[in-house]
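Peer 1: What follows is run-v8.cif, made up of mmCIF, C-alpha atoms:
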```cif
data_structure
#
loop_
_atom_site.group_PDB
_atom_site.id
_atom_site.type_symbol
_atom_site.label_atom_id
_atom_site.label_comp_id
_atom_site.auth_asym_id
_atom_site.auth_seq_id
_atom_site.Cartn_x
_atom_site.Cartn_y
_atom_site.Cartn_z
ATOM 1 C CA MET V 1 0.000 0.000 0.000
ATOM 2 C CA LYS V 2 1.233 3.474 -0.853
ATOM 3 C CA GLN V 3 2.121 5.691 2.051
ATOM 4 C CA ARG V 4 0.088 8.892 2.363
ATOM 5 C CA PHE V 5 1.468 12.085 3.814
ATOM 6 C CA ARG V 6 -0.246 14.977 5.552
ATOM 7 C CA SER V 7 1.573 17.470 3.349
ATOM 8 C CA LYS V 8 4.247 17.931 0.736
ATOM 9 C CA ALA V 9 6.629 18.964 3.519
ATOM 10 C CA ALA V 10 5.971 15.704 5.377
ATOM 11 C CA ALA V 11 6.680 13.691 2.220
ATOM 12 C CA ARG V 12 9.939 15.559 1.673
ATOM 13 C CA ASP V 13 11.002 15.008 5.283
ATOM 14 C CA ALA V 14 10.289 11.271 4.984
ATOM 15 C CA ILE V 15 12.350 10.977 1.789
ATOM 16 C CA TRP V 16 15.238 13.001 3.210
ATOM 17 C CA ASP V 17 15.203 10.881 6.375
ATOM 18 C CA CYS V 18 15.167 7.679 4.315
ATOM 19 C CA LEU V 19 18.095 8.832 2.177
ATOM 20 C CA ARG V 20 20.056 9.647 5.325
ATOM 21 C CA ASP V 21 19.068 6.541 7.285
ATOM 22 C CA GLU V 22 19.669 4.130 4.389
ATOM 23 C CA ARG V 23 22.977 5.857 3.575
ATOM 24 C CA LEU V 24 21.817 6.623 0.047
ATOM 25 C CA ALA V 25 22.522 10.349 0.290
ATOM 26 C CA ARG V 26 25.724 11.675 -1.221
ATOM 27 C CA PHE V 27 27.599 14.947 -0.678
ATOM 28 C CA PRO V 28 26.543 17.610 0.170
ATOM 29 C CA PHE V 29 25.176 16.662 3.584
ATOM 30 C CA PRO V 30 22.673 16.716 5.090
ATOM 31 C CA PRO V 31 20.232 15.891 2.288
ATOM 32 C CA HIS V 32 17.474 17.881 4.006
ATOM 33 C CA GLY V 33 16.298 21.185 2.568
ATOM 34 C CA ARG V 34 17.533 20.635 -0.980
ATOM 35 C CA ILE V 35 17.284 18.433 -4.024
ATOM 36 C CA PRO V 36 19.598 15.808 -2.572
ATOM 37 C CA ASN V 37 22.435 14.059 -4.277
ATOM 38 C CA PHE V 38 21.933 10.305 -4.051
ATOM 39 C CA LYS V 39 23.481 6.949 -4.851
ATOM 40 C CA GLY V 40 22.393 5.983 -8.347
ATOM 41 C CA ALA V 41 21.957 9.530 -9.697
ATOM 42 C CA LYS V 42 23.997 8.695 -12.799
ATOM 43 C CA GLU V 43 21.945 5.582 -13.521
ATOM 44 C CA ALA V 44 18.729 7.542 -12.979
ATOM 45 C CA ALA V 45 19.858 10.139 -15.541
ATOM 46 C CA LEU V 46 20.599 7.449 -18.106
ATOM 47 C CA ARG V 47 17.217 5.814 -17.509
ATOM 48 C CA LEU V 48 15.382 9.123 -17.785
ATOM 49 C CA LEU V 49 16.866 9.802 -21.207
ATOM 50 C CA GLU V 50 15.472 6.488 -22.449
ATOM 51 C CA VAL V 51 11.899 7.563 -21.689
ATOM 52 C CA ALA V 52 9.752 9.698 -23.993
ATOM 53 C CA PRO V 53 9.609 12.690 -24.170
ATOM 54 C CA TRP V 54 13.194 13.112 -22.895
ATOM 55 C CA ARG V 55 14.553 10.510 -25.313
ATOM 56 C CA ASP V 56 13.373 12.565 -28.285
ATOM 57 C CA ALA V 57 14.014 16.017 -26.852
ATOM 58 C CA ARG V 58 16.125 18.562 -28.682
ATOM 59 C CA ALA V 59 16.282 20.875 -25.652
ATOM 60 C CA ILE V 60 15.598 20.383 -21.943
ATOM 61 C CA LYS V 61 15.662 22.454 -18.770
ATOM 62 C CA VAL V 62 17.720 20.902 -15.983
ATOM 63 C CA ASN V 63 18.166 22.322 -12.498
ATOM 64 C CA PRO V 64 21.684 23.193 -11.320
ATOM 65 C CA ASP V 65 21.556 20.735 -8.412
ATOM 66 C CA ALA V 66 24.368 18.199 -7.898
ATOM 67 C CA PRO V 67 22.443 14.992 -8.691
ATOM 68 C CA GLN V 68 21.313 16.459 -12.001
ATOM 69 C CA ARG V 69 24.879 17.015 -13.203
ATOM 70 C CA TYR V 70 24.798 13.578 -14.808
ATOM 71 C CA LEU V 71 21.608 14.456 -16.650
ATOM 72 C CA ARG V 72 23.134 17.695 -17.960
ATOM 73 C CA GLU V 73 26.262 15.841 -19.087
ATOM 74 C CA GLU V 74 24.501 12.934 -20.767
ATOM 75 C CA ALA V 75 22.020 15.241 -22.504
ATOM 76 C CA LEU V 76 24.903 17.278 -23.932
ATOM 77 C CA ARG V 77 26.652 14.081 -25.068
ATOM 78 C CA ARG V 78 23.453 13.115 -26.925
ATOM 79 C CA GLY V 79 23.296 16.486 -28.670
ATOM 80 C CA ILE V 80 20.501 17.943 -26.543
ATOM 81 C CA VAL V 81 20.618 21.671 -25.756
ATOM 82 C CA VAL V 82 20.456 22.184 -21.982
ATOM 83 C CA PHE V 83 18.972 25.230 -20.259
ATOM 84 C CA VAL V 84 19.900 25.774 -16.610
ATOM 85 C CA PRO V 85 18.226 28.413 -14.423
ATOM 86 C CA THR V 86 20.468 30.872 -12.623
ATOM 87 C CA PRO V 87 19.997 31.372 -8.859
ATOM 88 C CA ARG V 88 16.573 32.891 -8.205
ATOM 89 C CA LEU V 89 16.369 33.370 -12.012
ATOM 90 C CA ARG V 90 18.181 36.693 -11.584
ATOM 91 C CA GLY V 91 20.236 35.988 -14.685
ATOM 92 C CA GLY V 92 17.530 34.067 -16.521
ATOM 93 C CA PHE V 93 18.730 30.778 -17.970
ATOM 94 C CA GLN V 94 22.148 29.625 -19.102
ATOM 95 C CA LYS V 95 22.107 27.876 -22.465
ATOM 96 C CA PHE V 96 24.516 24.996 -23.065
ATOM 97 C CA ASP V 97 24.636 24.143 -26.754
ATOM 98 C CA PRO V 98 26.484 20.862 -27.378
ATOM 99 C CA ALA V 99 27.346 22.052 -30.903
ATOM 100 C CA ARG V 100 29.513 24.748 -29.288
ATOM 101 C CA ILE V 101 31.162 22.585 -26.624
ATOM 102 C CA PRO V 102 34.161 20.403 -27.512
ATOM 103 C CA VAL V 103 33.454 16.752 -26.654
ATOM 104 C CA ASP V 104 36.343 16.700 -24.170
ATOM 105 C CA LYS V 105 34.812 19.708 -22.324
ATOM 106 C CA ILE V 106 31.254 18.399 -21.886
ATOM 107 C CA ALA V 107 31.865 17.141 -18.335
ATOM 108 C CA GLU V 108 33.340 20.536 -17.457
ATOM 109 C CA ALA V 109 30.346 22.383 -18.904
ATOM 110 C CA ALA V 110 27.897 20.109 -17.075
ATOM 111 C CA SER V 111 29.602 20.787 -13.745
ATOM 112 C CA LEU V 112 28.396 24.418 -13.912
ATOM 113 C CA SER V 113 31.095 25.622 -11.484
ATOM 114 C CA ARG V 114 33.578 25.381 -14.371
ATOM 115 C CA GLY V 115 31.087 25.541 -17.219
ATOM 116 C CA ALA V 116 30.122 29.215 -17.276
ATOM 117 C CA LYS V 117 32.293 29.876 -20.325
ATOM 118 C CA TRP V 118 30.256 27.402 -22.369
#
```
Take the structure I supplied and represent it as structure tokens, if you would.
Peer 2:
Amino acid sequence: MKQRFRSKAAARDAIWDCLRDERLARFPFPPHGRIPNFKGAKEAALRLLEVAPWRDARAIKVNPDAPQRYLREEALRRGIVVFVPTPRLRGGFQKFDPARIPVDKIAEAASLSRGAKW
């Protein structure tokens, strides 16, 4: 039976607690209060890109959070343009066009901390 939660906040707390308690959370710690990094994030990104509509996408929006780095990187490797929101959308969106990024620099661009030039 599916678990029901009193609120969205209660559901988030339960997931964060589970990630911590089951040692599935990855840096940064604690997982609470953010989109948490987690064991299997890379595999999840690969699986997501096998599902329509992401599989057939030419452009996607991906958050700048750590676990989504793999999604940004794999999308760029597949030739998908990636849009990433800036903090609080103050700078709008950053556009990462794989046609303008050398193949050996895709991981750098996907990391965001080193990818601003792309």
Peer 1: I'd like the residues picked by the PyMOL selection byres ((chain V and resi 45-53) around 9) written out as a list of chain:residue names, using the chain letters and numbers from the file.
Peer 2: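 Answer for the PyMOL selection byres ((chain V and resi 45-53) around 9): V:Gly40, V:Ala41, V:Lys42, V:Glu43, V:Ala44, V:Trp54, V:Arg55, V:Asp56, V:Ala57, V:Pro67, V:Gln68, V:Arg69, V:Tyr70, V:Leu71, V:Arg72, V:Glu74, V:Ala75.
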Peer 1: Provide an axis-aligned box for all listed atoms of segment 61-71 of chain V, padding each side by 5 Å; report its centre and its edge lengths in Å to one decimal, as lines of an AutoDock Vina configuration file.
Peer 2:
```
center_x = 20.3
center_y = 18.4
center_z = -13.3
size_x = 19.2
size_y = 19.6
size_z = 20.9
```
Peer 1: Any chance you could resolve the PyMOL selection byres ((chain V and resi 15-22) around 10) against this file and give the residues as a list in words?
Peer 2: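 Applied to this file, the PyMOL selection byres ((chain V and resi 15-22) around 10) returns Ala9, Ala10, Ala11, Arg12, Asp13, Ala14, Arg23, Leu24, Ala25, Arg26, Phe29, Pro30, Pro31, His32, Gly33, Arg34, Ile35, Pro36, Asn37, Phe38 and Lys39 of chain V.
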Peer 1: Evaluate the PyMOL selection byres ((chain V and resi 62) around 8) here and jot the selected residues down as number ranges by chain.
Peer 2: V: 60-61, 63-64, 68, 71-72, 82-85
Peer 1: For a test of reading the model, state the distance in Å between atom CA of Lys8 of chain V and atom CA of Thr86 of chain V, rounded to one decimal.
Peer 2: 24.7 Å
Peer 1: Step by step: start from the point (29.6, 22.8, -12.6) in the file's coordinates, keep every protein, DNA or RNA residue that has an atom no farther than 10 Å from it, count only C-alpha atoms, and write the set as a PyMOL selection string.
Peer 2: chain V and resi 64-66+69+72+107-116
Peer 1: Using Å and a single decimal, report how far atom CA of Phe27 of chain V sits from atom CA of Gln94 of chain V.
Peer 2: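 Between atom CA of Gln94 of chain V and atom CA of Phe27 of chain V the gap is 24.2 Å.
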Peer 1: Between atom CA of Pro28 of chain V and atom CA of Leu89 of chain V, what is the distance in Å, rounded to a tenth?
Peer 2: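 Those two atoms sit 22.4 Å apart.
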